[in-house]
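Visitor: This is work_18.csv, which holds CSV, C-alpha atoms:
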```
chain,number,residue,atom,x,y,z
A,19,MET,CA,1.9,4.6,7.7
A,20,ILE,CA,3.1,7.2,5.2
A,21,ARG,CA,6.8,6.6,4.5
A,22,LYS,CA,7.5,9.2,1.9
A,23,ILE,CA,5.9,12.3,0.4
A,24,LYS,CA,7.9,14.1,-2.3
A,25,ILE,CA,6.7,17.1,-4.3
A,26,ILE,CA,8.3,16.4,-7.6
A,27,LYS,CA,7.2,19.4,-9.7
A,28,PRO,CA,5.6,22.4,-8.0
A,29,ILE,CA,5.1,24.4,-11.2
A,30,ASN,CA,2.6,26.8,-9.9
A,31,GLU,CA,0.7,25.6,-6.8
A,32,THR,CA,-2.6,27.2,-7.9
A,33,LYS,CA,-2.4,25.6,-11.4
A,34,SER,CA,-0.4,22.4,-11.4
A,35,ILE,CA,1.6,20.1,-9.2
A,36,LYS,CA,3.1,16.6,-9.2
A,37,ILE,CA,3.4,14.7,-5.9
A,38,ALA,CA,4.7,11.2,-5.2
A,39,ILE,CA,3.5,9.3,-2.1
A,40,PHE,CA,4.6,5.9,-0.7
A,41,PHE,CA,2.8,4.2,2.2
A,42,CYS,CA,2.1,0.9,3.7
A,43,LEU,CA,-1.2,-0.5,5.0
A,44,GLN,CA,-1.2,-3.7,7.0
A,45,GLN,CA,-4.5,-5.5,7.5
A,46,ILE,CA,-6.4,-2.3,7.0
A,47,LEU,CA,-8.9,-1.8,4.2
A,48,VAL,CA,-7.6,-5.0,2.6
A,49,PHE,CA,-9.3,-8.4,2.7
A,50,ASP,CA,-7.8,-11.7,3.8
A,51,ASP,CA,-5.1,-10.2,6.0
A,52,ILE,CA,-3.0,-9.0,3.1
A,53,SER,CA,-0.5,-6.3,3.5
A,54,LEU,CA,-0.6,-3.5,1.0
A,55,GLN,CA,2.1,-1.2,-0.1
A,56,VAL,CA,1.0,1.8,-2.2
A,57,HIS,CA,3.0,4.1,-4.4
A,58,LEU,CA,1.1,7.0,-5.9
A,59,VAL,CA,2.2,9.7,-8.3
A,60,ILE,CA,-0.4,12.5,-8.5
A,61,ASN,CA,-0.5,15.0,-11.3
A,62,PHE,CA,-2.8,18.0,-11.2
A,63,ASP,CA,-3.2,20.6,-13.9
A,64,GLY,CA,-5.7,23.4,-13.2
A,65,GLY,CA,-5.4,24.8,-16.7
A,66,ASP,CA,-5.1,28.5,-17.6
A,67,SER,CA,-7.5,29.7,-14.9
A,68,ALA,CA,-8.0,28.7,-11.4
A,69,LEU,CA,-11.6,29.9,-11.5
A,70,ASP,CA,-13.0,28.2,-14.6
A,71,GLY,CA,-13.5,24.8,-13.0
A,72,LEU,CA,-11.5,23.0,-15.8
A,73,PHE,CA,-8.8,20.6,-14.8
A,74,SER,CA,-7.0,17.4,-15.3
A,75,LEU,CA,-6.1,15.0,-12.4
A,76,SER,CA,-4.2,11.8,-12.9
A,77,ILE,CA,-3.0,9.3,-10.3
A,78,ASP,CA,-0.5,6.6,-11.4
A,79,TYR,CA,-0.7,3.8,-8.9
A,80,GLU,CA,1.3,0.8,-7.9
A,81,LEU,CA,-0.3,-1.6,-5.4
A,82,ASN,CA,1.7,-4.4,-4.0
A,83,HIS,CA,-0.7,-7.0,-2.4
A,84,ALA,CA,-1.4,-10.5,-3.6
A,85,ASN,CA,0.3,-9.5,-6.8
A,86,LEU,CA,1.6,-6.2,-8.3
A,87,GLU,CA,-1.2,-4.0,-9.7
A,88,THR,CA,-0.4,-0.9,-11.7
A,89,GLY,CA,-2.5,1.6,-13.5
A,90,THR,CA,-3.8,5.1,-13.8
A,91,ALA,CA,-7.0,6.8,-12.5
A,92,LYS,CA,-8.0,10.1,-14.1
A,93,ILE,CA,-10.6,12.8,-13.7
A,94,VAL,CA,-10.8,15.3,-16.5
A,95,ARG,CA,-13.1,18.3,-16.6
A,96,THR,CA,-13.4,20.2,-19.9
A,97,LYS,CA,-15.8,22.5,-21.8
A,98,GLU,CA,-16.9,21.5,-25.3
A,99,GLY,CA,-18.9,24.3,-26.8
A,100,ASP,CA,-21.7,25.0,-24.4
A,101,LEU,CA,-21.4,21.7,-22.6
A,102,TRP,CA,-19.3,20.9,-19.5
A,103,LYS,CA,-17.8,17.4,-19.6
A,104,THR,CA,-16.4,15.3,-16.8
A,105,VAL,CA,-14.7,12.0,-17.5
A,106,VAL,CA,-13.6,9.7,-14.6
A,107,SER,CA,-11.7,6.6,-15.6
A,108,THR,CA,-9.3,3.9,-14.5
A,109,ALA,CA,-6.9,1.9,-16.7
A,110,SER,CA,-4.6,-1.0,-15.8
A,111,THR,CA,-1.1,-1.1,-17.2
A,112,ASN,CA,-0.4,-4.8,-16.3
A,113,ASN,CA,-3.9,-6.5,-16.0
A,114,PRO,CA,-3.1,-8.5,-12.8
A,115,ALA,CA,-5.0,-11.7,-11.8
A,116,VAL,CA,-6.2,-10.0,-8.5
A,117,LYS,CA,-7.5,-6.5,-8.7
A,118,LEU,CA,-8.4,-4.0,-6.0
A,119,ILE,CA,-9.1,-1.3,-8.6
A,120,HIS,CA,-11.5,-2.3,-11.4
A,121,ILE,CA,-11.4,-0.7,-14.8
A,122,PHE,CA,-14.2,1.7,-15.7
A,123,GLU,CA,-15.1,4.9,-17.5
A,124,ALA,CA,-17.9,7.3,-16.5
A,125,THR,CA,-18.7,10.4,-18.5
A,126,LEU,CA,-21.1,13.3,-17.7
A,127,LYS,CA,-22.1,16.1,-20.1
A,128,SER,CA,-24.3,19.0,-19.0
A,129,ASP,CA,-25.2,22.5,-20.0
A,130,ARG,CA,-25.8,23.1,-16.3
A,131,LYS,CA,-29.4,24.3,-17.0
A,132,THR,CA,-31.6,22.0,-19.1
A,133,MET,CA,-29.8,18.7,-19.8
A,134,LEU,CA,-27.5,16.1,-18.5
A,135,GLN,CA,-26.2,13.0,-20.2
A,136,GLY,CA,-24.1,10.3,-18.6
A,137,THR,CA,-22.5,7.0,-19.4
A,138,TYR,CA,-20.8,4.3,-17.3
A,139,LYS,CA,-18.9,1.4,-18.8
A,140,CYS,CA,-16.9,-1.2,-16.8
A,141,GLU,CA,-14.7,-4.2,-17.5
A,142,ASP,CA,-17.5,-6.5,-16.4
A,143,GLY,CA,-19.4,-5.6,-19.5
A,144,TYR,CA,-22.0,-3.4,-18.0
A,145,ASP,CA,-23.0,-0.2,-19.9
A,146,TYR,CA,-25.3,2.3,-18.3
A,147,LYS,CA,-26.7,5.5,-19.8
A,148,LEU,CA,-28.5,8.4,-18.1
A,149,ASN,CA,-30.5,11.2,-19.7
A,150,VAL,CA,-32.0,14.1,-17.8
A,151,ASN,CA,-34.0,16.8,-19.6
A,152,ARG,CA,-35.4,19.8,-17.7
A,153,VAL,CA,-37.7,22.6,-18.6
A,154,PRO,CA,-37.0,25.1,-15.7
A,155,GLY,CA,-40.0,25.7,-13.6
A,156,GLU,CA,-42.1,23.1,-15.5
A,157,SER,CA,-40.8,19.6,-15.8
A,158,ILE,CA,-37.9,17.1,-15.5
A,159,LYS,CA,-37.6,13.8,-17.3
A,160,VAL,CA,-35.1,11.2,-16.3
A,161,SER,CA,-34.4,8.0,-18.3
A,162,GLU,CA,-31.8,5.3,-17.5
A,163,PHE,CA,-30.7,2.4,-19.6
A,164,GLN,CA,-28.6,-0.6,-18.6
A,165,ASN,CA,-27.1,-3.1,-21.0
A,166,LYS,CA,-24.9,-6.1,-20.4
A,167,ILE,CA,-22.5,-6.1,-23.3
A,168,LYS,CA,-20.7,-9.4,-22.7
```
As structure tokens - that is how I would like this structure written.

Guide:
Amino acid sequence: MIRKIKIIKPINETKSIKIAIFFCLQQILVFDDISLQVHLVINFDGGDSALDGLFSLSIDYELNHANLETGTAKIVRTKEGDLWKTVVSTASTNNPAVKLIHIFEATLKSDRKTMLQGTYKCEDGYDYKLNVNRVPGESIKVSEFQNKIK
């Protein structure tokens, strides 16, 4: 049940906004009959143009379940030279004993025509890499690597 939604900072609804949401889930989506209270603060910044596809989205979360879990989830889309870059990540601010949201970072870079590179790293020590090279109308080569760091 959603208890409270508050628009904190409607700067320009097409470019950026900040919203706070508080709700409670009881025995839904949570294991072992644990109640879950959730507080989210969502920040969205669409940048200078609403049409370029570049943005930053961050969600500060507070989960009250078996313990208090706090952190931030982010999605950031940028352009670096001729490459489009997307980074999706989570970070814990209190490192609780029981986690519902695990810490990771995934990055994709692409020229949207001939190449794509990706990485995924998580707190469990896994590191994945993906490379895709394409010659339009001729070939596509995909290589994936996995390493256990720990």

Visitor: Select, from A:His120, A:Lys103, A:Lys159, A:Lys139, the residue with the minimum atom-to-atom distance to A:Ala91, counting only C-alpha atoms.

Guide: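 Among the listed residues, A:His120 lies closest to A:Ala91.
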
Visitor: To one decimal in Å, tell me the separation between atom CA of A:Ile121 and atom CA of A:Leu54.

Guide: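 Interatomic distance here is 19.3 Å.
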
Visitor: Hey, can you check how far atom CA of A:Glu87 sits from atom CA of A:Leu126?

Guide: 27.6 Å

Visitor: Pick from A:Thr108, A:Asp142, A:Trp102, A:His57: nearest to A:Ser76, with only C-alpha atoms counted?

Guide: A:Thr108

Visitor: Counting all atoms listed in the file, what is within 10 Å of A:Ile119, bar same-chain residues fewer than 3 positions away, as a VMD selection string?

Guide: chain A and resid 79 81 87 to 91 108 to 110 116 122

Visitor: May I have the selected residues written with C-alpha atoms, as an mmCIF file, in the coordinates of the input?

Guide:
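Full text of again20.cif as output:
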```
data_model
loop_
_atom_site.group_PDB
_atom_site.id
_atom_site.type_symbol
_atom_site.label_atom_id
_atom_site.label_comp_id
_atom_site.auth_asym_id
_atom_site.auth_seq_id
_atom_site.Cartn_x
_atom_site.Cartn_y
_atom_site.Cartn_z
ATOM 1 C CA TYR A 79 -0.700 3.800 -8.900
ATOM 2 C CA LEU A 81 -0.300 -1.600 -5.400
ATOM 3 C CA GLU A 87 -1.200 -4.000 -9.700
ATOM 4 C CA THR A 88 -0.400 -0.900 -11.700
ATOM 5 C CA GLY A 89 -2.500 1.600 -13.500
ATOM 6 C CA THR A 90 -3.800 5.100 -13.800
ATOM 7 C CA ALA A 91 -7.000 6.800 -12.500
ATOM 8 C CA THR A 108 -9.300 3.900 -14.500
ATOM 9 C CA ALA A 109 -6.900 1.900 -16.700
ATOM 10 C CA SER A 110 -4.600 -1.000 -15.800
ATOM 11 C CA VAL A 116 -6.200 -10.000 -8.500
ATOM 12 C CA PHE A 122 -14.200 1.700 -15.700
#
```

Visitor: Just to confirm, what's the straight-line distance from atom CA of A:Leu134 to atom CA of A:Val153 in Å (one decimal)?

Guide: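 If I compute the distance from atom CA of A:Leu134 to atom CA of A:Val153, I get 12.1 Å.
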
Visitor: Go through A:Lys97, A:His83, A:Lys147, A:Lys117 one by one, measure the shortest atom-to-atom distance of each to A:Gln164 using all atoms listed in the file, and give the residue with the smallest value.

Guide: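 Looking only at the distances to A:Gln164, the closest residue turns out to be A:Lys147.
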
Visitor: Considering only C-alpha atoms, state which residue in the set A:Ser67, A:Ser74, A:Thr125, A:Ser157 is at the smallest distance from A:Asp145.

Guide: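 The answer is A:Thr125, which sits nearest to A:Asp145.
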
Visitor: What lies within 12 Å of A:Asp66 using only C-alpha atoms, ignoring chain neighbours under 3 positions off, as a list in words?

Guide: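 With the cut-off at 12 Å, the set is Asn30, Thr32, Lys33, Ser34, Asp63, Leu69, Asp70, Gly71, Leu72, Phe73, Ser74 and Thr96 of chain A.
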
Visitor: May I have the protein, DNA and RNA residues with an atom at most 10 Å from (-34.9, 16.6, -19.8), counting all atoms listed in the file in the file's coordinates, returned as an MDAnalysis selection string?

Guide: chainID A and resid 131:135 149:154 157:161

Visitor: Just checking: using all atoms listed in the file, which residue out of A:Gln55, A:Asn61, A:Asn112, A:Asn85 ends up closest to A:Ile37?

Guide: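 Closest candidate: A:Asn61.
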
Visitor: Restricting the calculation to only C-alpha atoms, which member of A:Cys42, A:Ile35, A:Cys140, A:Leu148 is positioned closest to A:Gly64?

Guide: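 Smallest distance to A:Gly64 is found for A:Ile35.
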
Visitor: Mind rebuilding stretch 88-121 of chain A with N, CA and C atoms and writing that out as a CSV table (one decimal), keeping the file's coordinate frame?

Guide:
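Result file follows (rebuild.csv):
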```csv
chain,number,residue,atom,x,y,z
A,88,THR,N,-0.7,-2.2,-11.3
A,88,THR,CA,-0.4,-0.9,-11.7
A,88,THR,C,-1.4,-0.3,-12.7
A,89,GLY,N,-1.5,1.0,-12.6
A,89,GLY,CA,-2.5,1.6,-13.5
A,89,GLY,C,-2.6,3.1,-13.3
A,90,THR,N,-3.6,3.7,-13.9
A,90,THR,CA,-3.8,5.1,-13.8
A,90,THR,C,-5.3,5.4,-13.6
A,91,ALA,N,-5.6,6.3,-12.7
A,91,ALA,CA,-7.0,6.8,-12.5
A,91,ALA,C,-6.9,8.3,-12.9
A,92,LYS,N,-8.0,8.7,-13.6
A,92,LYS,CA,-8.0,10.1,-14.1
A,92,LYS,C,-9.4,10.7,-13.9
A,93,ILE,N,-9.4,12.0,-13.7
A,93,ILE,CA,-10.6,12.8,-13.7
A,93,ILE,C,-10.2,14.0,-14.5
A,94,VAL,N,-11.0,14.2,-15.6
A,94,VAL,CA,-10.8,15.3,-16.5
A,94,VAL,C,-12.0,16.1,-16.7
A,95,ARG,N,-12.0,17.4,-16.5
A,95,ARG,CA,-13.1,18.3,-16.6
A,95,ARG,C,-12.8,19.3,-17.7
A,96,THR,N,-13.6,19.3,-18.8
A,96,THR,CA,-13.4,20.2,-19.9
A,96,THR,C,-14.7,20.9,-20.3
A,97,LYS,N,-14.6,21.8,-21.2
A,97,LYS,CA,-15.8,22.5,-21.8
A,97,LYS,C,-15.7,22.3,-23.3
A,98,GLU,N,-16.8,21.7,-23.8
A,98,GLU,CA,-16.9,21.5,-25.3
A,98,GLU,C,-18.1,22.3,-25.8
A,99,GLY,N,-17.8,23.4,-26.4
A,99,GLY,CA,-18.9,24.3,-26.8
A,99,GLY,C,-19.6,24.8,-25.6
A,100,ASP,N,-21.0,24.6,-25.5
A,100,ASP,CA,-21.7,25.0,-24.4
A,100,ASP,C,-21.9,24.0,-23.3
A,101,LEU,N,-21.2,22.8,-23.5
A,101,LEU,CA,-21.4,21.7,-22.6
A,101,LEU,C,-20.1,21.5,-21.7
A,102,TRP,N,-20.4,21.3,-20.4
A,102,TRP,CA,-19.3,20.9,-19.5
A,102,TRP,C,-19.2,19.4,-19.5
A,103,LYS,N,-18.0,18.9,-19.6
A,103,LYS,CA,-17.8,17.4,-19.6
A,103,LYS,C,-16.8,17.0,-18.6
A,104,THR,N,-17.2,15.9,-17.8
A,104,THR,CA,-16.4,15.3,-16.8
A,104,THR,C,-16.2,13.8,-17.2
A,105,VAL,N,-15.0,13.4,-17.2
A,105,VAL,CA,-14.7,12.0,-17.5
A,105,VAL,C,-13.8,11.5,-16.3
A,106,VAL,N,-14.3,10.4,-15.7
A,106,VAL,CA,-13.6,9.7,-14.6
A,106,VAL,C,-13.3,8.3,-15.1
A,107,SER,N,-12.0,7.9,-15.0
A,107,SER,CA,-11.7,6.6,-15.6
A,107,SER,C,-10.5,5.9,-14.8
A,108,THR,N,-10.4,4.6,-15.0
A,108,THR,CA,-9.3,3.9,-14.5
A,108,THR,C,-8.8,3.0,-15.7
A,109,ALA,N,-7.5,2.8,-15.7
A,109,ALA,CA,-6.9,1.9,-16.7
A,109,ALA,C,-5.8,1.1,-16.1
A,110,SER,N,-5.7,-0.2,-16.3
A,110,SER,CA,-4.6,-1.0,-15.8
A,110,SER,C,-3.5,-1.0,-16.8
A,111,THR,N,-2.3,-1.0,-16.3
A,111,THR,CA,-1.1,-1.1,-17.2
A,111,THR,C,-0.5,-2.5,-17.2
A,112,ASN,N,-1.0,-3.4,-16.3
A,112,ASN,CA,-0.4,-4.8,-16.3
A,112,ASN,C,-1.5,-5.8,-16.2
A,113,ASN,N,-2.8,-5.5,-16.0
A,113,ASN,CA,-3.9,-6.5,-16.0
A,113,ASN,C,-3.6,-7.7,-15.1
A,114,PRO,N,-3.4,-7.5,-13.7
A,114,PRO,CA,-3.1,-8.5,-12.8
A,114,PRO,C,-4.3,-9.5,-12.6
A,115,ALA,N,-4.0,-10.7,-12.0
A,115,ALA,CA,-5.0,-11.7,-11.8
A,115,ALA,C,-5.9,-11.2,-10.6
A,116,VAL,N,-5.4,-10.5,-9.6
A,116,VAL,CA,-6.2,-10.0,-8.5
A,116,VAL,C,-6.2,-8.5,-8.6
A,117,LYS,N,-7.4,-7.9,-8.6
A,117,LYS,CA,-7.5,-6.5,-8.7
A,117,LYS,C,-8.2,-5.9,-7.5
A,118,LEU,N,-7.7,-4.8,-7.0
A,118,LEU,CA,-8.4,-4.0,-6.0
A,118,LEU,C,-9.1,-2.8,-6.7
A,119,ILE,N,-8.5,-2.4,-7.8
A,119,ILE,CA,-9.1,-1.3,-8.6
A,119,ILE,C,-9.6,-1.8,-9.9
A,120,HIS,N,-10.9,-1.7,-10.1
A,120,HIS,CA,-11.5,-2.3,-11.4
A,120,HIS,C,-11.5,-1.2,-12.4
A,121,ILE,N,-11.5,-1.6,-13.7
A,121,ILE,CA,-11.4,-0.7,-14.8
A,121,ILE,C,-12.8,-0.2,-15.2
```
